[in-house]
Amino acid sequence: MWWMAALLAGIGLLFGVLAVPLIRGRVPPNQWYGFRLASDVFDPAIWYPLNAYGGHLMLWWSAAIVAGAVGLALAPVEDDEARAALFLGVELGILLGGVAVITLLSYRELGRLRRGDGP
C-alpha cells in the first residue's frame, strides 16, 4: 500500500506546485489554468486577486492531501483490504470535498470582487 500513499502524496505535491504561480500572480488570464468559469474573470482586476485567493486555498488543500496520505500510510491497519478501503474513503473525501470547498469559496470571492468590497 506504500505505492498508494506515494501516489496520493505526489498528487498533493503537484497541486501544491501548481498553486504557487497562482498565489504569486504569475499566471495571466487564459483558458487553461486558473479560475475561469465566468466571462468577466478574464478582467485582470478580477483575475489576479481571485486566482491568488484560489491558489492559497489550493495550497492548503494540497497539504491536506499529503497529510492524509502520510497519516493513512502510518495508520496501524494490518489488513490490506481494510487499508485500501480507508485510503479510498478518506482521500476521496479530501479530494472531492476540497474541490467543492475551493469552488464555493472562490465563487464567494468572485462575488466580493465584482461588488468591489474591500479585502
# chains A, B, ... in the order shown; residues from 1 in each chain; ligands from 1
>>> residues_around(residues="range 61-65 of chain A", least_positions_apart="2", cutoff="10 Å", atoms="only C-alpha atoms", output="PyMOL selection string")
chain A and resi 5+8-19+55-59+67-71+90-95+97-99+101-102
>>> select_by_dssp(residues="chain A", states="alpha helix (DSSP H)", output="PDB file with N, CA and C atoms, in the first residue's frame")
ATOM      1  N   TRP A   2       2.147   1.130   0.111  1.00  0.00           N
ATOM      2  CA  TRP A   2       3.003   2.320   0.091  1.00  0.00           C
ATOM      3  C   TRP A   2       2.916   3.036  -1.242  1.00  0.00           C
ATOM      4  N   TRP A   3       2.689   2.283  -2.303  1.00  0.00           N
ATOM      5  CA  TRP A   3       2.564   2.903  -3.620  1.00  0.00           C
ATOM      6  C   TRP A   3       1.366   3.836  -3.658  1.00  0.00           C
ATOM      7  N   MET A   4       0.282   3.462  -2.964  1.00  0.00           N
ATOM      8  CA  MET A   4      -0.910   4.300  -2.952  1.00  0.00           C
ATOM      9  C   MET A   4      -0.638   5.598  -2.182  1.00  0.00           C
ATOM     10  N   ALA A   5       0.062   5.472  -1.062  1.00  0.00           N
ATOM     11  CA  ALA A   5       0.416   6.660  -0.286  1.00  0.00           C
ATOM     12  C   ALA A   5       1.330   7.575  -1.089  1.00  0.00           C
ATOM     13  N   ALA A   6       2.301   6.977  -1.784  1.00  0.00           N
ATOM     14  CA  ALA A   6       3.232   7.772  -2.586  1.00  0.00           C
ATOM     15  C   ALA A   6       2.507   8.463  -3.739  1.00  0.00           C
ATOM     16  N   LEU A   7       1.585   7.759  -4.387  1.00  0.00           N
ATOM     17  CA  LEU A   7       0.818   8.345  -5.481  1.00  0.00           C
ATOM     18  C   LEU A   7      -0.017   9.525  -4.986  1.00  0.00           C
ATOM     19  N   LEU A   8      -0.727   9.332  -3.882  1.00  0.00           N
ATOM     20  CA  LEU A   8      -1.574  10.404  -3.363  1.00  0.00           C
ATOM     21  C   LEU A   8      -0.755  11.583  -2.846  1.00  0.00           C
ATOM     22  N   ALA A   9       0.356  11.297  -2.197  1.00  0.00           N
ATOM     23  CA  ALA A   9       1.233  12.381  -1.750  1.00  0.00           C
ATOM     24  C   ALA A   9       1.793  13.141  -2.958  1.00  0.00           C
ATOM     25  N   GLY A  10       2.125  12.409  -4.029  1.00  0.00           N
ATOM     26  CA  GLY A  10       2.606  13.058  -5.252  1.00  0.00           C
ATOM     27  C   GLY A  10       1.548  13.943  -5.876  1.00  0.00           C
ATOM     28  N   ILE A  11       0.301  13.482  -5.862  1.00  0.00           N
ATOM     29  CA  ILE A  11      -0.795  14.307  -6.376  1.00  0.00           C
ATOM     30  C   ILE A  11      -0.930  15.580  -5.546  1.00  0.00           C
ATOM     31  N   GLY A  12      -0.852  15.434  -4.230  1.00  0.00           N
ATOM     32  CA  GLY A  12      -0.925  16.598  -3.356  1.00  0.00           C
ATOM     33  C   GLY A  12       0.212  17.574  -3.613  1.00  0.00           C
ATOM     34  N   LEU A  13       1.409  17.049  -3.782  1.00  0.00           N
ATOM     35  CA  LEU A  13       2.561  17.915  -4.065  1.00  0.00           C
ATOM     36  C   LEU A  13       2.412  18.607  -5.424  1.00  0.00           C
ATOM     37  N   LEU A  14       1.894  17.898  -6.403  1.00  0.00           N
ATOM     38  CA  LEU A  14       1.672  18.505  -7.719  1.00  0.00           C
ATOM     39  C   LEU A  14       0.700  19.683  -7.623  1.00  0.00           C
ATOM     40  N   PHE A  15      -0.413  19.490  -6.908  1.00  0.00           N
ATOM     41  CA  PHE A  15      -1.359  20.592  -6.741  1.00  0.00           C
ATOM     42  C   PHE A  15      -0.723  21.752  -5.967  1.00  0.00           C
ATOM     43  N   GLY A  16       0.131  21.435  -5.014  1.00  0.00           N
ATOM     44  CA  GLY A  16       0.824  22.492  -4.284  1.00  0.00           C
ATOM     45  C   GLY A  16       1.742  23.298  -5.183  1.00  0.00           C
ATOM     46  N   VAL A  17       2.462  22.612  -6.060  1.00  0.00           N
ATOM     47  CA  VAL A  17       3.350  23.294  -7.007  1.00  0.00           C
ATOM     48  C   VAL A  17       2.535  24.150  -7.980  1.00  0.00           C
ATOM     49  N   LEU A  18       1.390  23.638  -8.421  1.00  0.00           N
ATOM     50  CA  LEU A  18       0.539  24.399  -9.344  1.00  0.00           C
ATOM     51  C   LEU A  18      -0.093  25.617  -8.677  1.00  0.00           C
ATOM     52  N   ALA A  19      -0.238  25.587  -7.363  1.00  0.00           N
ATOM     53  CA  ALA A  19      -0.854  26.705  -6.645  1.00  0.00           C
ATOM     54  C   ALA A  19       0.080  27.909  -6.536  1.00  0.00           C
ATOM     55  N   VAL A  20       1.369  27.677  -6.465  1.00  0.00           N
ATOM     56  CA  VAL A  20       2.324  28.760  -6.207  1.00  0.00           C
ATOM     57  C   VAL A  20       2.283  29.861  -7.273  1.00  0.00           C
ATOM     58  N   PRO A  21       2.317  29.546  -8.576  1.00  0.00           N
ATOM     59  CA  PRO A  21       2.238  30.634  -9.562  1.00  0.00           C
ATOM     60  C   PRO A  21       0.930  31.424  -9.480  1.00  0.00           C
ATOM     61  N   LEU A  22      -0.163  30.762  -9.098  1.00  0.00           N
ATOM     62  CA  LEU A  22      -1.432  31.480  -8.930  1.00  0.00           C
ATOM     63  C   LEU A  22      -1.330  32.461  -7.768  1.00  0.00           C
ATOM     64  N   ILE A  23      -0.769  32.015  -6.678  1.00  0.00           N
ATOM     65  CA  ILE A  23      -0.613  32.865  -5.493  1.00  0.00           C
ATOM     66  C   ILE A  23       0.260  34.073  -5.808  1.00  0.00           C
ATOM     67  N   PRO A  44      -8.219  41.514 -15.770  1.00  0.00           N
ATOM     68  CA  PRO A  44      -7.073  41.383 -14.860  1.00  0.00           C
ATOM     69  C   PRO A  44      -7.348  41.885 -13.443  1.00  0.00           C
ATOM     70  N   ALA A  45      -8.245  42.862 -13.292  1.00  0.00           N
ATOM     71  CA  ALA A  45      -8.567  43.371 -11.952  1.00  0.00           C
ATOM     72  C   ALA A  45      -9.275  42.319 -11.104  1.00  0.00           C
ATOM     73  N   ILE A  46      -9.896  41.359 -11.743  1.00  0.00           N
ATOM     74  CA  ILE A  46     -10.552  40.258 -11.034  1.00  0.00           C
ATOM     75  C   ILE A  46      -9.693  39.000 -11.085  1.00  0.00           C
ATOM     76  N   TRP A  47      -9.090  38.733 -12.236  1.00  0.00           N
ATOM     77  CA  TRP A  47      -8.329  37.504 -12.450  1.00  0.00           C
ATOM     78  C   TRP A  47      -7.239  37.299 -11.396  1.00  0.00           C
ATOM     79  N   TYR A  48      -6.372  38.277 -11.219  1.00  0.00           N
ATOM     80  CA  TYR A  48      -5.221  38.081 -10.343  1.00  0.00           C
ATOM     81  C   TYR A  48      -5.601  37.908  -8.870  1.00  0.00           C
ATOM     82  N   PRO A  49      -6.442  38.772  -8.292  1.00  0.00           N
ATOM     83  CA  PRO A  49      -6.798  38.539  -6.887  1.00  0.00           C
ATOM     84  C   PRO A  49      -7.612  37.260  -6.680  1.00  0.00           C
ATOM     85  N   LEU A  50      -8.474  36.928  -7.631  1.00  0.00           N
ATOM     86  CA  LEU A  50      -9.275  35.715  -7.498  1.00  0.00           C
ATOM     87  C   LEU A  50      -8.401  34.470  -7.561  1.00  0.00           C
ATOM     88  N   ASN A  51      -7.460  34.450  -8.464  1.00  0.00           N
ATOM     89  CA  ASN A  51      -6.588  33.292  -8.577  1.00  0.00           C
ATOM     90  C   ASN A  51      -5.577  33.210  -7.442  1.00  0.00           C
ATOM     91  N   ALA A  52      -5.168  34.337  -6.892  1.00  0.00           N
ATOM     92  CA  ALA A  52      -4.313  34.309  -5.702  1.00  0.00           C
ATOM     93  C   ALA A  52      -5.082  33.705  -4.525  1.00  0.00           C
ATOM     94  N   TYR A  53      -6.336  34.113  -4.376  1.00  0.00           N
ATOM     95  CA  TYR A  53      -7.188  33.561  -3.319  1.00  0.00           C
ATOM     96  C   TYR A  53      -7.376  32.053  -3.514  1.00  0.00           C
ATOM     97  N   GLY A  54      -7.744  31.656  -4.733  1.00  0.00           N
ATOM     98  CA  GLY A  54      -7.918  30.237  -5.026  1.00  0.00           C
ATOM     99  C   GLY A  54      -6.623  29.454  -4.886  1.00  0.00           C
ATOM    100  N   GLY A  55      -5.507  30.071  -5.234  1.00  0.00           N
ATOM    101  CA  GLY A  55      -4.208  29.418  -5.078  1.00  0.00           C
ATOM    102  C   GLY A  55      -3.880  29.131  -3.625  1.00  0.00           C
ATOM    103  N   HIS A  56      -4.207  30.069  -2.738  1.00  0.00           N
ATOM    104  CA  HIS A  56      -3.994  29.822  -1.303  1.00  0.00           C
ATOM    105  C   HIS A  56      -4.853  28.657  -0.826  1.00  0.00           C
ATOM    106  N   LEU A  57      -6.117  28.643  -1.260  1.00  0.00           N
ATOM    107  CA  LEU A  57      -6.989  27.524  -0.888  1.00  0.00           C
ATOM    108  C   LEU A  57      -6.436  26.211  -1.431  1.00  0.00           C
ATOM    109  N   MET A  58      -5.950  26.244  -2.660  1.00  0.00           N
ATOM    110  CA  MET A  58      -5.398  25.049  -3.291  1.00  0.00           C
ATOM    111  C   MET A  58      -4.151  24.552  -2.560  1.00  0.00           C
ATOM    112  N   LEU A  59      -3.353  25.478  -2.053  1.00  0.00           N
ATOM    113  CA  LEU A  59      -2.151  25.095  -1.308  1.00  0.00           C
ATOM    114  C   LEU A  59      -2.521  24.385  -0.008  1.00  0.00           C
ATOM    115  N   TRP A  60      -3.510  24.907   0.699  1.00  0.00           N
ATOM    116  CA  TRP A  60      -3.982  24.241   1.923  1.00  0.00           C
ATOM    117  C   TRP A  60      -4.564  22.871   1.601  1.00  0.00           C
ATOM    118  N   TRP A  61      -5.319  22.797   0.505  1.00  0.00           N
ATOM    119  CA  TRP A  61      -5.914  21.530   0.079  1.00  0.00           C
ATOM    120  C   TRP A  61      -4.823  20.512  -0.249  1.00  0.00           C
ATOM    121  N   SER A  62      -3.788  20.948  -0.940  1.00  0.00           N
ATOM    122  CA  SER A  62      -2.703  20.030  -1.286  1.00  0.00           C
ATOM    123  C   SER A  62      -2.001  19.522  -0.018  1.00  0.00           C
ATOM    124  N   ALA A  63      -1.867  20.398   0.976  1.00  0.00           N
ATOM    125  CA  ALA A  63      -1.271  19.965   2.246  1.00  0.00           C
ATOM    126  C   ALA A  63      -2.158  18.915   2.925  1.00  0.00           C
ATOM    127  N   ALA A  64      -3.470  19.072   2.833  1.00  0.00           N
ATOM    128  CA  ALA A  64      -4.390  18.083   3.408  1.00  0.00           C
ATOM    129  C   ALA A  64      -4.281  16.751   2.679  1.00  0.00           C
ATOM    130  N   ILE A  65      -4.112  16.779   1.367  1.00  0.00           N
ATOM    131  CA  ILE A  65      -3.961  15.546   0.595  1.00  0.00           C
ATOM    132  C   ILE A  65      -2.697  14.812   1.032  1.00  0.00           C
ATOM    133  N   VAL A  66      -1.585  15.542   1.135  1.00  0.00           N
ATOM    134  CA  VAL A  66      -0.318  14.927   1.543  1.00  0.00           C
ATOM    135  C   VAL A  66      -0.414  14.408   2.972  1.00  0.00           C
ATOM    136  N   ALA A  67      -0.965  15.217   3.873  1.00  0.00           N
ATOM    137  CA  ALA A  67      -1.091  14.788   5.270  1.00  0.00           C
ATOM    138  C   ALA A  67      -1.973  13.549   5.386  1.00  0.00           C
ATOM    139  N   GLY A  68      -3.050  13.523   4.621  1.00  0.00           N
ATOM    140  CA  GLY A  68      -3.917  12.349   4.634  1.00  0.00           C
ATOM    141  C   GLY A  68      -3.195  11.108   4.144  1.00  0.00           C
ATOM    142  N   ALA A  69      -2.429  11.244   3.082  1.00  0.00           N
ATOM    143  CA  ALA A  69      -1.690  10.102   2.534  1.00  0.00           C
ATOM    144  C   ALA A  69      -0.654   9.587   3.525  1.00  0.00           C
ATOM    145  N   VAL A  70       0.089  10.503   4.140  1.00  0.00           N
ATOM    146  CA  VAL A  70       1.110  10.094   5.107  1.00  0.00           C
ATOM    147  C   VAL A  70       0.454   9.484   6.350  1.00  0.00           C
ATOM    148  N   GLY A  71      -0.592  10.139   6.837  1.00  0.00           N
ATOM    149  CA  GLY A  71      -1.277   9.620   8.018  1.00  0.00           C
ATOM    150  C   GLY A  71      -1.870   8.244   7.796  1.00  0.00           C
ATOM    151  N   LEU A  72      -2.468   8.042   6.641  1.00  0.00           N
ATOM    152  CA  LEU A  72      -3.058   6.734   6.344  1.00  0.00           C
ATOM    153  C   LEU A  72      -1.987   5.675   6.122  1.00  0.00           C
ATOM    154  N   ALA A  73      -0.855   6.069   5.560  1.00  0.00           N
ATOM    155  CA  ALA A  73       0.232   5.105   5.375  1.00  0.00           C
ATOM    156  C   ALA A  73       0.772   4.633   6.718  1.00  0.00           C
ATOM    157  N   LEU A  74       0.746   5.501   7.712  1.00  0.00           N
ATOM    158  CA  LEU A  74       1.267   5.159   9.036  1.00  0.00           C
ATOM    159  C   LEU A  74       0.204   4.589   9.973  1.00  0.00           C
ATOM    160  N   ASP A  80      -4.712  -5.495   4.290  1.00  0.00           N
ATOM    161  CA  ASP A  80      -4.518  -4.669   3.089  1.00  0.00           C
ATOM    162  C   ASP A  80      -5.833  -4.180   2.500  1.00  0.00           C
ATOM    163  N   GLU A  81      -6.873  -5.012   2.534  1.00  0.00           N
ATOM    164  CA  GLU A  81      -8.169  -4.580   2.007  1.00  0.00           C
ATOM    165  C   GLU A  81      -8.759  -3.459   2.852  1.00  0.00           C
ATOM    166  N   ALA A  82      -8.608  -3.565   4.167  1.00  0.00           N
ATOM    167  CA  ALA A  82      -9.111  -2.513   5.059  1.00  0.00           C
ATOM    168  C   ALA A  82      -8.334  -1.216   4.836  1.00  0.00           C
ATOM    169  N   ARG A  83      -7.020  -1.331   4.650  1.00  0.00           N
ATOM    170  CA  ARG A  83      -6.205  -0.135   4.395  1.00  0.00           C
ATOM    171  C   ARG A  83      -6.593   0.507   3.069  1.00  0.00           C
ATOM    172  N   ALA A  84      -6.832  -0.293   2.042  1.00  0.00           N
ATOM    173  CA  ALA A  84      -7.231   0.238   0.740  1.00  0.00           C
ATOM    174  C   ALA A  84      -8.583   0.945   0.844  1.00  0.00           C
ATOM    175  N   ALA A  85      -9.519   0.349   1.572  1.00  0.00           N
ATOM    176  CA  ALA A  85     -10.829   0.983   1.754  1.00  0.00           C
ATOM    177  C   ALA A  85     -10.697   2.281   2.532  1.00  0.00           C
ATOM    178  N   LEU A  86      -9.834   2.288   3.536  1.00  0.00           N
ATOM    179  CA  LEU A  86      -9.594   3.501   4.322  1.00  0.00           C
ATOM    180  C   LEU A  86      -8.983   4.590   3.449  1.00  0.00           C
ATOM    181  N   PHE A  87      -7.971   4.237   2.655  1.00  0.00           N
ATOM    182  CA  PHE A  87      -7.368   5.188   1.726  1.00  0.00           C
ATOM    183  C   PHE A  87      -8.410   5.761   0.781  1.00  0.00           C
ATOM    184  N   LEU A  88      -9.195   4.882   0.189  1.00  0.00           N
ATOM    185  CA  LEU A  88     -10.196   5.319  -0.779  1.00  0.00           C
ATOM    186  C   LEU A  88     -11.188   6.277  -0.143  1.00  0.00           C
ATOM    187  N   GLY A  89     -11.715   5.909   1.005  1.00  0.00           N
ATOM    188  CA  GLY A  89     -12.715   6.750   1.656  1.00  0.00           C
ATOM    189  C   GLY A  89     -12.176   8.098   2.097  1.00  0.00           C
ATOM    190  N   VAL A  90     -11.060   8.079   2.789  1.00  0.00           N
ATOM    191  CA  VAL A  90     -10.513   9.323   3.332  1.00  0.00           C
ATOM    192  C   VAL A  90      -9.984  10.227   2.230  1.00  0.00           C
ATOM    193  N   GLU A  91      -9.175   9.686   1.349  1.00  0.00           N
ATOM    194  CA  GLU A  91      -8.577  10.530   0.306  1.00  0.00           C
ATOM    195  C   GLU A  91      -9.611  11.000  -0.709  1.00  0.00           C
ATOM    196  N   LEU A  92     -10.584  10.161  -1.018  1.00  0.00           N
ATOM    197  CA  LEU A  92     -11.648  10.599  -1.916  1.00  0.00           C
ATOM    198  C   LEU A  92     -12.440  11.734  -1.276  1.00  0.00           C
ATOM    199  N   GLY A  93     -12.668  11.625   0.023  1.00  0.00           N
ATOM    200  CA  GLY A  93     -13.340  12.708   0.738  1.00  0.00           C
ATOM    201  C   GLY A  93     -12.531  13.993   0.719  1.00  0.00           C
ATOM    202  N   ILE A  94     -11.225  13.878   0.932  1.00  0.00           N
ATOM    203  CA  ILE A  94     -10.361  15.062   0.901  1.00  0.00           C
ATOM    204  C   ILE A  94     -10.341  15.662  -0.508  1.00  0.00           C
ATOM    205  N   LEU A  95     -10.193  14.813  -1.522  1.00  0.00           N
ATOM    206  CA  LEU A  95     -10.118  15.313  -2.899  1.00  0.00           C
ATOM    207  C   LEU A  95     -11.423  15.980  -3.331  1.00  0.00           C
ATOM    208  N   LEU A  96     -12.532  15.268  -3.200  1.00  0.00           N
ATOM    209  CA  LEU A  96     -13.808  15.827  -3.661  1.00  0.00           C
ATOM    210  C   LEU A  96     -14.300  16.950  -2.758  1.00  0.00           C
ATOM    211  N   GLY A  97     -14.136  16.766  -1.452  1.00  0.00           N
ATOM    212  CA  GLY A  97     -14.533  17.830  -0.529  1.00  0.00           C
ATOM    213  C   GLY A  97     -13.717  19.093  -0.752  1.00  0.00           C
ATOM    214  N   GLY A  98     -12.432  18.934  -1.016  1.00  0.00           N
ATOM    215  CA  GLY A  98     -11.579  20.085  -1.277  1.00  0.00           C
ATOM    216  C   GLY A  98     -11.977  20.830  -2.530  1.00  0.00           C
ATOM    217  N   VAL A  99     -12.284  20.095  -3.586  1.00  0.00           N
ATOM    218  CA  VAL A  99     -12.726  20.743  -4.825  1.00  0.00           C
ATOM    219  C   VAL A  99     -14.011  21.526  -4.577  1.00  0.00           C
ATOM    220  N   ALA A 100     -14.943  20.916  -3.837  1.00  0.00           N
ATOM    221  CA  ALA A 100     -16.219  21.594  -3.551  1.00  0.00           C
ATOM    222  C   ALA A 100     -16.005  22.861  -2.730  1.00  0.00           C
ATOM    223  N   VAL A 101     -15.191  22.780  -1.691  1.00  0.00           N
ATOM    224  CA  VAL A 101     -14.948  23.938  -0.824  1.00  0.00           C
ATOM    225  C   VAL A 101     -14.224  25.042  -1.597  1.00  0.00           C
ATOM    226  N   ILE A 102     -13.200  24.678  -2.349  1.00  0.00           N
ATOM    227  CA  ILE A 102     -12.456  25.672  -3.132  1.00  0.00           C
ATOM    228  C   ILE A 102     -13.371  26.356  -4.140  1.00  0.00           C
ATOM    229  N   THR A 103     -14.214  25.582  -4.800  1.00  0.00           N
ATOM    230  CA  THR A 103     -15.131  26.158  -5.793  1.00  0.00           C
ATOM    231  C   THR A 103     -16.113  27.117  -5.137  1.00  0.00           C
ATOM    232  N   LEU A 104     -16.733  26.691  -4.044  1.00  0.00           N
ATOM    233  CA  LEU A 104     -17.707  27.550  -3.363  1.00  0.00           C
ATOM    234  C   LEU A 104     -17.071  28.827  -2.823  1.00  0.00           C
ATOM    235  N   LEU A 105     -15.928  28.694  -2.168  1.00  0.00           N
ATOM    236  CA  LEU A 105     -15.267  29.880  -1.615  1.00  0.00           C
ATOM    237  C   LEU A 105     -14.754  30.804  -2.722  1.00  0.00           C
ATOM    238  N   SER A 106     -14.314  30.233  -3.828  1.00  0.00           N
ATOM    239  CA  SER A 106     -13.849  31.064  -4.945  1.00  0.00           C
ATOM    240  C   SER A 106     -15.008  31.829  -5.580  1.00  0.00           C
ATOM    241  N   TYR A 107     -16.168  31.186  -5.695  1.00  0.00           N
ATOM    242  CA  TYR A 107     -17.337  31.909  -6.207  1.00  0.00           C
ATOM    243  C   TYR A 107     -17.745  33.028  -5.253  1.00  0.00           C
ATOM    244  N   ARG A 108     -17.654  32.780  -3.961  1.00  0.00           N
ATOM    245  CA  ARG A 108     -17.961  33.832  -2.989  1.00  0.00           C
ATOM    246  C   ARG A 108     -16.978  34.989  -3.140  1.00  0.00           C
ATOM    247  N   GLU A 109     -15.712  34.666  -3.321  1.00  0.00           N
ATOM    248  CA  GLU A 109     -14.692  35.707  -3.523  1.00  0.00           C
ATOM    249  C   GLU A 109     -14.933  36.451  -4.833  1.00  0.00           C
ATOM    250  N   LEU A 110     -15.343  35.746  -5.873  1.00  0.00           N
ATOM    251  CA  LEU A 110     -15.671  36.396  -7.144  1.00  0.00           C
ATOM    252  C   LEU A 110     -16.788  37.421  -6.951  1.00  0.00           C
ATOM    253  N   GLY A 111     -17.817  37.049  -6.202  1.00  0.00           N
ATOM    254  CA  GLY A 111     -18.904  37.986  -5.931  1.00  0.00           C
ATOM    255  C   GLY A 111     -18.419  39.218  -5.172  1.00  0.00           C
ATOM    256  N   ARG A 112     -17.533  39.006  -4.211  1.00  0.00           N
ATOM    257  CA  ARG A 112     -16.980  40.121  -3.449  1.00  0.00           C
ATOM    258  C   ARG A 112     -16.162  41.038  -4.347  1.00  0.00           C
ATOM    259  N   LEU A 113     -15.366  40.449  -5.243  1.00  0.00           N
ATOM    260  CA  LEU A 113     -14.555  41.262  -6.158  1.00  0.00           C
ATOM    261  C   LEU A 113     -15.422  42.027  -7.150  1.00  0.00           C
ATOM    262  N   ARG A 114     -16.482  41.408  -7.618  1.00  0.00           N
ATOM    263  CA  ARG A 114     -17.398  42.103  -8.546  1.00  0.00           C
ATOM    264  C   ARG A 114     -18.062  43.288  -7.885  1.00  0.00           C
ATOM    265  N   ARG A 115     -18.410  43.141  -6.603  1.00  0.00           N
ATOM    266  CA  ARG A 115     -19.052  44.238  -5.863  1.00  0.00           C
ATOM    267  C   ARG A 115     -18.059  45.339  -5.492  1.00  0.00           C
TER     268      ARG A 115
END
>>> decode(residues="range 71-84 of chain A", atoms="N, CA and C atoms", output="JSON list (two decimals), in the first residue's frame")
[["chain", "number", "residue", "atom", "x", "y", "z"],
["A", 71, "GLY", "N", -0.59, 10.14, 6.84],
["A", 71, "GLY", "CA", -1.28, 9.62, 8.02],
["A", 71, "GLY", "C", -1.87, 8.24, 7.80],
["A", 72, "LEU", "N", -2.47, 8.04, 6.64],
["A", 72, "LEU", "CA", -3.06, 6.73, 6.34],
["A", 72, "LEU", "C", -1.99, 5.68, 6.12],
["A", 73, "ALA", "N", -0.86, 6.07, 5.56],
["A", 73, "ALA", "CA", 0.23, 5.11, 5.37],
["A", 73, "ALA", "C", 0.77, 4.63, 6.72],
["A", 74, "LEU", "N", 0.75, 5.50, 7.71],
["A", 74, "LEU", "CA", 1.27, 5.16, 9.04],
["A", 74, "LEU", "C", 0.20, 4.59, 9.97],
["A", 75, "ALA", "N", -1.05, 4.56, 9.53],
["A", 75, "ALA", "CA", -2.14, 4.05, 10.37],
["A", 75, "ALA", "C", -1.91, 2.57, 10.66],
["A", 76, "PRO", "N", -2.18, 2.18, 11.90],
["A", 76, "PRO", "CA", -1.96, 0.77, 12.28],
["A", 76, "PRO", "C", -3.09, -0.14, 11.79],
["A", 77, "VAL", "N", -3.13, -0.37, 10.48],
["A", 77, "VAL", "CA", -4.12, -1.26, 9.88],
["A", 77, "VAL", "C", -3.37, -2.44, 9.29],
["A", 78, "GLU", "N", -3.69, -3.64, 9.77],
["A", 78, "GLU", "CA", -2.97, -4.84, 9.33],
["A", 78, "GLU", "C", -3.47, -5.35, 7.98],
["A", 79, "ASP", "N", -4.77, -5.33, 7.77],
["A", 79, "ASP", "CA", -5.38, -5.92, 6.59],
["A", 79, "ASP", "C", -5.25, -4.97, 5.39],
["A", 80, "ASP", "N", -4.71, -5.50, 4.29],
["A", 80, "ASP", "CA", -4.52, -4.67, 3.09],
["A", 80, "ASP", "C", -5.83, -4.18, 2.50],
["A", 81, "GLU", "N", -6.87, -5.01, 2.53],
["A", 81, "GLU", "CA", -8.17, -4.58, 2.01],
["A", 81, "GLU", "C", -8.76, -3.46, 2.85],
["A", 82, "ALA", "N", -8.61, -3.56, 4.17],
["A", 82, "ALA", "CA", -9.11, -2.51, 5.06],
["A", 82, "ALA", "C", -8.33, -1.22, 4.84],
["A", 83, "ARG", "N", -7.02, -1.33, 4.65],
["A", 83, "ARG", "CA", -6.20, -0.14, 4.40],
["A", 83, "ARG", "C", -6.59, 0.51, 3.07],
["A", 84, "ALA", "N", -6.83, -0.29, 2.04],
["A", 84, "ALA", "CA", -7.23, 0.24, 0.74],
["A", 84, "ALA", "C", -8.58, 0.94, 0.84]]
